[in-house]
Each structure stands twice: as structure tokens, then as C-alpha cells.
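Beneath this line is the structure, given in C-alpha cells, with notes to follow.
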2 protein chains.
Amino acid sequence: MSTPPATEATADVAPCCVLGETIDDGLAHDLAKVFKALGDPTRVKLMSLIAGSSDGEMCVCDLTEPVGLSQPTVSHHMKLLVEAGLVAREQRGRWAYYRPTIDTLAAAAKALNA
Amino acid sequence: MSTPPATEATADVAPCCVLGETIDDGLAHDLAKVFKALGDPTRVKLMSLIAGSSDGEMCVCDLTEPVGLSQPTVSHHMKLLVEAGLVAREQRGRWAYYRPTIDTLAAAAKALNA
DNA sequence: CTCACGTATCGACAGATGTCAATACGTGAG
DNA sequence: CTCACGTATTGACATCTGTCGATACGTGAG
């Protein structure tokens, strides 16, 4: 990426959006990052799988089969979800466990209802 | 696209998503379509502009300047938002007015909390 | 009808994105 | 330490996406 060195990592949606006020460039960028992370059917499925799991968390090894993609690809998608702040990653032993951060999506959606 | 000829036009999010149940391919596709439409800072701004306007609706001519893009580009973005079911288009005279359909986003977000 | 004007479509192009195979990294077991 | 195994990174490639200029389409004014 020609990534602007700024900002980054777990874009946290920001406070609000008063009626009649237009959101600024930075907020628009952060919101878009969250929505873009969910703008792929595979990642939607991943989110659904994790959210719907009995423990509320899953490791990569459990996710590759349901979505039918290679391990590196799933790992890539999970990284995007983490960077968007939609899931949290926790390393336990050799496994990486992911759990949803549902508030992020709710906050992003709320910011647009304005 | 190698687009499946099926489905299409104003993807309407679908009913639900019970806890413990994984969403199917079609629903994942529809949800992704909605989120992808908001996965661009320009479109986030456009949504915000329209939602925040006093009349609750705006025409393309009022949108080009705030986002600083050409008319064809704005028209293109609006088309995507319409196809995602996030805004409704109404032609009145020579102008095309757009108004938000906020329920679409709320329903999509809800489907993921599952 | 003809014209002006707001909007949509087309063609083109640079850059982003999803995917994989190959490989590197980290951690627990022996 | 060494090895096996789960995960992440890299490099490559086809496709998708955002943007523009040029142009076509539709509608109200004259």
C-alpha cells in the first residue's frame, strides 16, 4: 500500500454525527474502513461463523473448511477484520482465537443515521 | 463480472439469522453488497450529506461540489448506493433526487449480530 | 421542433483486492 | 536444542474498482 503512515490499526469509529453536520474526511475514511471490511462475502461469513459459534470465538484452523479457502487467505481476511476493529485477536498457545467486537459495527451504522 | 445472472437489484437484506446458524452464500452476498456500497469514503460522505440535508433528499448537482468529484463519478457512486438499497432515486423534472433508506443498513448490521 | 441543462453511460486507465503456492515465524512437545 | 504444527507473510496474478473526459439520453423552456 501507499498507505498514509498516519492513523491506523483498529479504526475506532469516532463519537457521533449531529443532524445537519457533514462528517469530515477522517471519519468518512474510518467508517469506510469498517464497512469495506464487511464488503466481501467471505468476511461476512467469517463474522457470522465466529459470532454464531458456541464459544463466541474461533481459530483459523476451524474457519478454513467452512469457507472453503486456503489458510493464508483466511488469515488475510481475519487481519482485515482485526484492522477494522470488528474482531479481536488473542494468541493462546499455538492457536490464534478471534472474537467479534460487535459494538464497532453498531457504532459505524449509527454514525450514518445521523 | 462473471456475475451469476440471478438475484440482483436492490439487494434486500433478508429476514434474519438465528444464533448458531451460519448464513448461506446468497445472504452473505447480499449483506456484502450493502456493506461494500459503504466501503468507500466518498459514498460514506454522500450518504451523510443526503441524510444530513434539511429536506432529507438531494440531487446530483448539489453533491458534486461537496465531495469534489466529477458529475459522472458522483452519478456512478449514487447508482451503487441505489443498487445496494441504501438510497431511493426519484426523478422530478430534470433532476434526480436521492433519499436514504436507513432501514437497509440497520437490517444488515442486525443480521450480523446474530 | 429545437435548444439548454441535468443526468447517465461508455471507454480507458491506474491502483486496489482476493486468491493461491511457497515460505517464514512462533510456540509447545520431545 | 530440535521438531511438528498452527499461523502469518511474501510474491505473483487475474479481476474489480474509482476516476475522468467524451458523449448520449430526457426533460422543460422557448
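Scheme for the C-alpha cells: letters A, B, ... for chains in order shown; per-chain residue numbers from 1; ligand numbers from 1 in order shown.
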task = Report the residues of chain A whose backbone DSSP state falls under helix (DSSP H, G or I), written as a ChimeraX atom specification.
result = /A:25-37,41-52,60-67,71-83,102-113
At most 12 Å to chain D: residues in chain A, only C-alpha atoms (C1' of nucleotides), as a list in words =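 Using only C-alpha atoms (C1' of nucleotides), chain A residues at most 12 Å from chain D: Asp40, Cys59, Val60, Cys61, Asp62, Gln71, Pro72, Thr73, Val74, Ser75, His76, His77, Met78, Lys79, Gln91, Arg92, Gly93, Arg94, Trp95, Ala96 and Tyr97 of chain A.
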Could you write out the selected residues, including N, CA, C and O atoms, as a PDB file, in the first residue's frame?
ATOM      1  N   ASP A  40     -17.166  -8.039   1.651  1.00  0.00           N
ATOM      2  CA  ASP A  40     -16.778  -9.250   0.932  1.00  0.00           C
ATOM      3  C   ASP A  40     -17.525 -10.436   1.543  1.00  0.00           C
ATOM      4  O   ASP A  40     -17.510 -10.614   2.762  1.00  0.00           O
ATOM      5  N   CYS A  59     -10.646 -20.320  15.990  1.00  0.00           N
ATOM      6  CA  CYS A  59      -9.291 -20.162  15.488  1.00  0.00           C
ATOM      7  C   CYS A  59      -9.302 -20.369  13.976  1.00  0.00           C
ATOM      8  O   CYS A  59     -10.274 -20.881  13.419  1.00  0.00           O
ATOM      9  N   VAL A  60      -8.236 -19.978  13.317  1.00  0.00           N
ATOM     10  CA  VAL A  60      -8.151 -20.066  11.865  1.00  0.00           C
ATOM     11  C   VAL A  60      -8.405 -21.482  11.368  1.00  0.00           C
ATOM     12  O   VAL A  60      -9.105 -21.681  10.377  1.00  0.00           O
ATOM     13  N   CYS A  61      -7.862 -22.433  12.106  1.00  0.00           N
ATOM     14  CA  CYS A  61      -7.980 -23.826  11.684  1.00  0.00           C
ATOM     15  C   CYS A  61      -9.431 -24.271  11.578  1.00  0.00           C
ATOM     16  O   CYS A  61      -9.766 -25.139  10.775  1.00  0.00           O
ATOM     17  N   ASP A  62     -10.313 -23.676  12.378  1.00  0.00           N
ATOM     18  CA  ASP A  62     -11.726 -24.035  12.332  1.00  0.00           C
ATOM     19  C   ASP A  62     -12.479 -23.288  11.244  1.00  0.00           C
ATOM     20  O   ASP A  62     -13.616 -23.623  10.928  1.00  0.00           O
ATOM     21  N   GLN A  71      -5.603 -21.556   3.962  1.00  0.00           N
ATOM     22  CA  GLN A  71      -5.272 -20.978   5.264  1.00  0.00           C
ATOM     23  C   GLN A  71      -4.710 -19.570   5.130  1.00  0.00           C
ATOM     24  O   GLN A  71      -5.128 -18.670   5.874  1.00  0.00           O
ATOM     25  N   PRO A  72      -3.777 -19.317   4.221  1.00  0.00           N
ATOM     26  CA  PRO A  72      -3.267 -17.952   4.087  1.00  0.00           C
ATOM     27  C   PRO A  72      -4.355 -16.948   3.743  1.00  0.00           C
ATOM     28  O   PRO A  72      -4.343 -15.815   4.238  1.00  0.00           O
ATOM     29  N   THR A  73      -5.278 -17.358   2.918  1.00  0.00           N
ATOM     30  CA  THR A  73      -6.351 -16.439   2.535  1.00  0.00           C
ATOM     31  C   THR A  73      -7.241 -16.103   3.727  1.00  0.00           C
ATOM     32  O   THR A  73      -7.572 -14.936   3.955  1.00  0.00           O
ATOM     33  N   VAL A  74      -7.590 -17.111   4.485  1.00  0.00           N
ATOM     34  CA  VAL A  74      -8.413 -16.860   5.674  1.00  0.00           C
ATOM     35  C   VAL A  74      -7.657 -15.959   6.640  1.00  0.00           C
ATOM     36  O   VAL A  74      -8.219 -15.009   7.205  1.00  0.00           O
ATOM     37  N   SER A  75      -6.385 -16.231   6.815  1.00  0.00           N
ATOM     38  CA  SER A  75      -5.558 -15.411   7.701  1.00  0.00           C
ATOM     39  C   SER A  75      -5.562 -13.957   7.237  1.00  0.00           C
ATOM     40  O   SER A  75      -5.630 -13.024   8.042  1.00  0.00           O
ATOM     41  N   HIS A  76      -5.492 -13.774   5.939  1.00  0.00           N
ATOM     42  CA  HIS A  76      -5.520 -12.431   5.356  1.00  0.00           C
ATOM     43  C   HIS A  76      -6.835 -11.727   5.677  1.00  0.00           C
ATOM     44  O   HIS A  76      -6.842 -10.569   6.104  1.00  0.00           O
ATOM     45  N   HIS A  77      -7.937 -12.436   5.484  1.00  0.00           N
ATOM     46  CA  HIS A  77      -9.246 -11.842   5.757  1.00  0.00           C
ATOM     47  C   HIS A  77      -9.381 -11.479   7.240  1.00  0.00           C
ATOM     48  O   HIS A  77      -9.897 -10.414   7.577  1.00  0.00           O
ATOM     49  N   MET A  78      -8.906 -12.354   8.094  1.00  0.00           N
ATOM     50  CA  MET A  78      -9.011 -12.077   9.534  1.00  0.00           C
ATOM     51  C   MET A  78      -8.212 -10.838   9.901  1.00  0.00           C
ATOM     52  O   MET A  78      -8.620 -10.048  10.741  1.00  0.00           O
ATOM     53  N   LYS A  79      -7.088 -10.674   9.246  1.00  0.00           N
ATOM     54  CA  LYS A  79      -6.276  -9.488   9.516  1.00  0.00           C
ATOM     55  C   LYS A  79      -7.055  -8.204   9.205  1.00  0.00           C
ATOM     56  O   LYS A  79      -7.026  -7.229   9.961  1.00  0.00           O
ATOM     57  N   GLN A  91      -3.816 -14.656  21.043  1.00  0.00           N
ATOM     58  CA  GLN A  91      -2.985 -15.843  20.827  1.00  0.00           C
ATOM     59  C   GLN A  91      -2.981 -16.666  22.104  1.00  0.00           C
ATOM     60  O   GLN A  91      -2.681 -16.175  23.186  1.00  0.00           O
ATOM     61  N   ARG A  92      -3.340 -17.957  21.954  1.00  0.00           N
ATOM     62  CA  ARG A  92      -3.354 -18.844  23.115  1.00  0.00           C
ATOM     63  C   ARG A  92      -2.678 -20.125  22.680  1.00  0.00           C
ATOM     64  O   ARG A  92      -3.211 -20.866  21.871  1.00  0.00           O
ATOM     65  N   GLY A  93      -1.466 -20.330  23.200  1.00  0.00           N
ATOM     66  CA  GLY A  93      -0.704 -21.472  22.746  1.00  0.00           C
ATOM     67  C   GLY A  93      -0.332 -21.272  21.300  1.00  0.00           C
ATOM     68  O   GLY A  93       0.077 -20.178  20.911  1.00  0.00           O
ATOM     69  N   ARG A  94      -0.507 -22.292  20.484  1.00  0.00           N
ATOM     70  CA  ARG A  94      -0.164 -22.154  19.066  1.00  0.00           C
ATOM     71  C   ARG A  94      -1.315 -21.553  18.274  1.00  0.00           C
ATOM     72  O   ARG A  94      -1.185 -21.242  17.105  1.00  0.00           O
ATOM     73  N   TRP A  95      -2.482 -21.455  18.923  1.00  0.00           N
ATOM     74  CA  TRP A  95      -3.665 -21.035  18.184  1.00  0.00           C
ATOM     75  C   TRP A  95      -3.985 -19.550  18.340  1.00  0.00           C
ATOM     76  O   TRP A  95      -3.696 -18.953  19.384  1.00  0.00           O
ATOM     77  N   ALA A  96      -4.550 -18.994  17.303  1.00  0.00           N
ATOM     78  CA  ALA A  96      -4.988 -17.592  17.345  1.00  0.00           C
ATOM     79  C   ALA A  96      -6.504 -17.595  17.387  1.00  0.00           C
ATOM     80  O   ALA A  96      -7.147 -18.053  16.447  1.00  0.00           O
ATOM     81  N   TYR A  97      -7.045 -17.071  18.459  1.00  0.00           N
ATOM     82  CA  TYR A  97      -8.505 -17.056  18.609  1.00  0.00           C
ATOM     83  C   TYR A  97      -9.061 -15.679  18.275  1.00  0.00           C
ATOM     84  O   TYR A  97      -8.489 -14.655  18.659  1.00  0.00           O
TER      85      TYR A  97
END
ask   = When the cut-off is 12 Å and we count only C-alpha atoms (C1' of nucleotides), which residues of chain C are near chain A, given as a list in words?
value =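 My answer is DG15, DA16, DT17, DG18, DT19, DC20, DA21, DA22, DT23, DC25, DG26, DT27, DG28 and DA29 of chain C.
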query = Counting only C-alpha atoms, which residues of chain B come no farther than 6 Å from chain A, as a VMD selection string?
reply = chain B and resid 19 to 20 22 28 to 29 32 35 to 36 38 to 41 44 49 52 to 53
Please dump the current selection as a PDB file, in the first residue's frame; keep N, CA, C and O atoms.
ATOM      1  N   LEU B  19     -29.132 -17.384  16.062  1.00  0.00           N
ATOM      2  CA  LEU B  19     -27.882 -17.684  16.753  1.00  0.00           C
ATOM      3  C   LEU B  19     -27.504 -19.146  16.543  1.00  0.00           C
ATOM      4  O   LEU B  19     -28.318 -20.035  16.714  1.00  0.00           O
ATOM      5  N   GLY B  20     -26.259 -19.361  16.168  1.00  0.00           N
ATOM      6  CA  GLY B  20     -25.809 -20.732  15.975  1.00  0.00           C
ATOM      7  C   GLY B  20     -25.945 -21.192  14.544  1.00  0.00           C
ATOM      8  O   GLY B  20     -25.353 -22.179  14.149  1.00  0.00           O
ATOM      9  N   THR B  22     -25.283 -20.569  10.543  1.00  0.00           N
ATOM     10  CA  THR B  22     -24.430 -19.824   9.637  1.00  0.00           C
ATOM     11  C   THR B  22     -25.245 -19.333   8.462  1.00  0.00           C
ATOM     12  O   THR B  22     -26.088 -20.056   7.955  1.00  0.00           O
ATOM     13  N   ALA B  28     -24.958 -13.962   2.450  1.00  0.00           N
ATOM     14  CA  ALA B  28     -23.624 -13.364   2.625  1.00  0.00           C
ATOM     15  C   ALA B  28     -23.340 -12.409   1.475  1.00  0.00           C
ATOM     16  O   ALA B  28     -22.796 -11.311   1.679  1.00  0.00           O
ATOM     17  N   HIS B  29     -23.733 -12.814   0.284  1.00  0.00           N
ATOM     18  CA  HIS B  29     -23.519 -11.980  -0.903  1.00  0.00           C
ATOM     19  C   HIS B  29     -24.307 -10.683  -0.811  1.00  0.00           C
ATOM     20  O   HIS B  29     -23.797  -9.603  -1.088  1.00  0.00           O
ATOM     21  N   ALA B  32     -22.880  -8.421   1.915  1.00  0.00           N
ATOM     22  CA  ALA B  32     -21.613  -7.849   1.458  1.00  0.00           C
ATOM     23  C   ALA B  32     -21.861  -6.705   0.483  1.00  0.00           C
ATOM     24  O   ALA B  32     -21.155  -5.698   0.498  1.00  0.00           O
ATOM     25  N   PHE B  35     -22.711  -3.589   2.522  1.00  0.00           N
ATOM     26  CA  PHE B  35     -21.538  -3.052   3.214  1.00  0.00           C
ATOM     27  C   PHE B  35     -20.505  -2.518   2.223  1.00  0.00           C
ATOM     28  O   PHE B  35     -19.877  -1.489   2.442  1.00  0.00           O
ATOM     29  N   LYS B  36     -20.340  -3.206   1.119  1.00  0.00           N
ATOM     30  CA  LYS B  36     -19.369  -2.762   0.118  1.00  0.00           C
ATOM     31  C   LYS B  36     -19.737  -1.388  -0.425  1.00  0.00           C
ATOM     32  O   LYS B  36     -18.872  -0.562  -0.707  1.00  0.00           O
ATOM     33  N   LEU B  38     -20.902   0.926   1.139  1.00  0.00           N
ATOM     34  CA  LEU B  38     -20.456   1.947   2.097  1.00  0.00           C
ATOM     35  C   LEU B  38     -18.957   1.836   2.358  1.00  0.00           C
ATOM     36  O   LEU B  38     -18.416   2.537   3.212  1.00  0.00           O
ATOM     37  N   GLY B  39     -18.298   0.989   1.627  1.00  0.00           N
ATOM     38  CA  GLY B  39     -16.869   0.763   1.845  1.00  0.00           C
ATOM     39  C   GLY B  39     -15.978   1.720   1.095  1.00  0.00           C
ATOM     40  O   GLY B  39     -14.840   1.404   0.783  1.00  0.00           O
ATOM     41  N   ASP B  40     -16.484   2.885   0.797  1.00  0.00           N
ATOM     42  CA  ASP B  40     -15.699   3.906   0.112  1.00  0.00           C
ATOM     43  C   ASP B  40     -16.002   5.256   0.766  1.00  0.00           C
ATOM     44  O   ASP B  40     -17.174   5.619   0.919  1.00  0.00           O
ATOM     45  N   PRO B  41     -14.956   6.000   1.129  1.00  0.00           N
ATOM     46  CA  PRO B  41     -15.139   7.265   1.837  1.00  0.00           C
ATOM     47  C   PRO B  41     -16.074   8.216   1.106  1.00  0.00           C
ATOM     48  O   PRO B  41     -16.891   8.899   1.734  1.00  0.00           O
ATOM     49  N   VAL B  44     -19.618   7.163   1.724  1.00  0.00           N
ATOM     50  CA  VAL B  44     -19.986   7.461   3.109  1.00  0.00           C
ATOM     51  C   VAL B  44     -20.357   8.933   3.224  1.00  0.00           C
ATOM     52  O   VAL B  44     -21.362   9.293   3.833  1.00  0.00           O
ATOM     53  N   LEU B  49     -24.197  13.364   3.579  1.00  0.00           N
ATOM     54  CA  LEU B  49     -24.705  14.621   3.025  1.00  0.00           C
ATOM     55  C   LEU B  49     -26.215  14.571   2.833  1.00  0.00           C
ATOM     56  O   LEU B  49     -26.942  15.488   3.217  1.00  0.00           O
ATOM     57  N   GLY B  52     -28.077  14.234   6.111  1.00  0.00           N
ATOM     58  CA  GLY B  52     -27.988  15.445   6.929  1.00  0.00           C
ATOM     59  C   GLY B  52     -28.633  16.669   6.304  1.00  0.00           C
ATOM     60  O   GLY B  52     -28.694  17.730   6.923  1.00  0.00           O
ATOM     61  N   SER B  53     -29.112  16.531   5.079  1.00  0.00           N
ATOM     62  CA  SER B  53     -29.717  17.686   4.411  1.00  0.00           C
ATOM     63  C   SER B  53     -31.072  18.034   5.034  1.00  0.00           C
ATOM     64  O   SER B  53     -31.737  17.172   5.596  1.00  0.00           O
TER      65      SER B  53
END
query = What is the distance between atom CA of Leu80 of chain B and atom CA of Asp55 of chain B, in Å to one decimal?
reply =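 A separation of 21.9 Å between them.
What separates atom CA of Arg99 of chain A from atom CA of Glu83 of chain A is a distance of 13.3 Å.
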request  = Enumerate as a PyMOL selection string all residues of segment 19-111 of chain A assigned to strand (DSSP E) by DSSP on the backbone, naming them with the chain letters and numbers the document uses.
outcome  = chain A and resi 58-59+87-92+95-100
Can I get the selection written as an mmCIF file, in the first residue's frame, with N, CA, C and O atoms?
data_model
loop_
_atom_site.group_PDB
_atom_site.id
_atom_site.type_symbol
_atom_site.label_atom_id
_atom_site.label_comp_id
_atom_site.auth_asym_id
_atom_site.auth_seq_id
_atom_site.Cartn_x
_atom_site.Cartn_y
_atom_site.Cartn_z
ATOM 1 N N MET A 58 -13.265 -18.399 17.603
ATOM 2 C CA MET A 58 -12.796 -19.496 16.769
ATOM 3 C C MET A 58 -11.365 -19.235 16.337
ATOM 4 O O MET A 58 -10.914 -18.097 16.296
ATOM 5 N N CYS A 59 -10.646 -20.320 15.990
ATOM 6 C CA CYS A 59 -9.291 -20.162 15.488
ATOM 7 C C CYS A 59 -9.302 -20.369 13.976
ATOM 8 O O CYS A 59 -10.274 -20.881 13.419
ATOM 9 N N VAL A 87 -13.142 -7.536 14.911
ATOM 10 C CA VAL A 87 -12.853 -8.712 15.737
ATOM 11 C C VAL A 87 -11.556 -8.470 16.513
ATOM 12 O O VAL A 87 -10.726 -7.652 16.103
ATOM 13 N N ALA A 88 -11.415 -9.177 17.625
ATOM 14 C CA ALA A 88 -10.199 -9.077 18.433
ATOM 15 C C ALA A 88 -9.445 -10.393 18.347
ATOM 16 O O ALA A 88 -10.054 -11.462 18.295
ATOM 17 N N ARG A 89 -8.124 -10.285 18.273
ATOM 18 C CA ARG A 89 -7.297 -11.469 18.155
ATOM 19 C C ARG A 89 -6.615 -11.757 19.480
ATOM 20 O O ARG A 89 -6.121 -10.860 20.164
ATOM 21 N N GLU A 90 -6.596 -13.041 19.856
ATOM 22 C CA GLU A 90 -5.890 -13.426 21.079
ATOM 23 C C GLU A 90 -5.120 -14.708 20.825
ATOM 24 O O GLU A 90 -5.707 -15.720 20.422
ATOM 25 N N GLN A 91 -3.816 -14.656 21.043
ATOM 26 C CA GLN A 91 -2.985 -15.843 20.827
ATOM 27 C C GLN A 91 -2.981 -16.666 22.104
ATOM 28 O O GLN A 91 -2.681 -16.175 23.186
ATOM 29 N N ARG A 92 -3.340 -17.957 21.954
ATOM 30 C CA ARG A 92 -3.354 -18.844 23.115
ATOM 31 C C ARG A 92 -2.678 -20.125 22.680
ATOM 32 O O ARG A 92 -3.211 -20.866 21.871
ATOM 33 N N TRP A 95 -2.482 -21.455 18.923
ATOM 34 C CA TRP A 95 -3.665 -21.035 18.184
ATOM 35 C C TRP A 95 -3.985 -19.550 18.340
ATOM 36 O O TRP A 95 -3.696 -18.953 19.384
ATOM 37 N N ALA A 96 -4.550 -18.994 17.303
ATOM 38 C CA ALA A 96 -4.988 -17.592 17.345
ATOM 39 C C ALA A 96 -6.504 -17.595 17.387
ATOM 40 O O ALA A 96 -7.147 -18.053 16.447
ATOM 41 N N TYR A 97 -7.045 -17.071 18.459
ATOM 42 C CA TYR A 97 -8.505 -17.056 18.609
ATOM 43 C C TYR A 97 -9.061 -15.679 18.275
ATOM 44 O O TYR A 97 -8.489 -14.655 18.659
ATOM 45 N N TYR A 98 -10.165 -15.689 17.569
ATOM 46 C CA TYR A 98 -10.809 -14.439 17.173
ATOM 47 C C TYR A 98 -12.211 -14.373 17.773
ATOM 48 O O TYR A 98 -12.941 -15.353 17.770
ATOM 49 N N ARG A 99 -12.545 -13.191 18.290
ATOM 50 C CA ARG A 99 -13.908 -12.997 18.793
ATOM 51 C C ARG A 99 -14.420 -11.653 18.297
ATOM 52 O O ARG A 99 -13.656 -10.700 18.164
ATOM 53 N N PRO A 100 -15.712 -11.569 18.008
ATOM 54 C CA PRO A 100 -16.276 -10.347 17.426
ATOM 55 C C PRO A 100 -16.324 -9.184 18.413
ATOM 56 O O PRO A 100 -16.418 -9.376 19.613
#
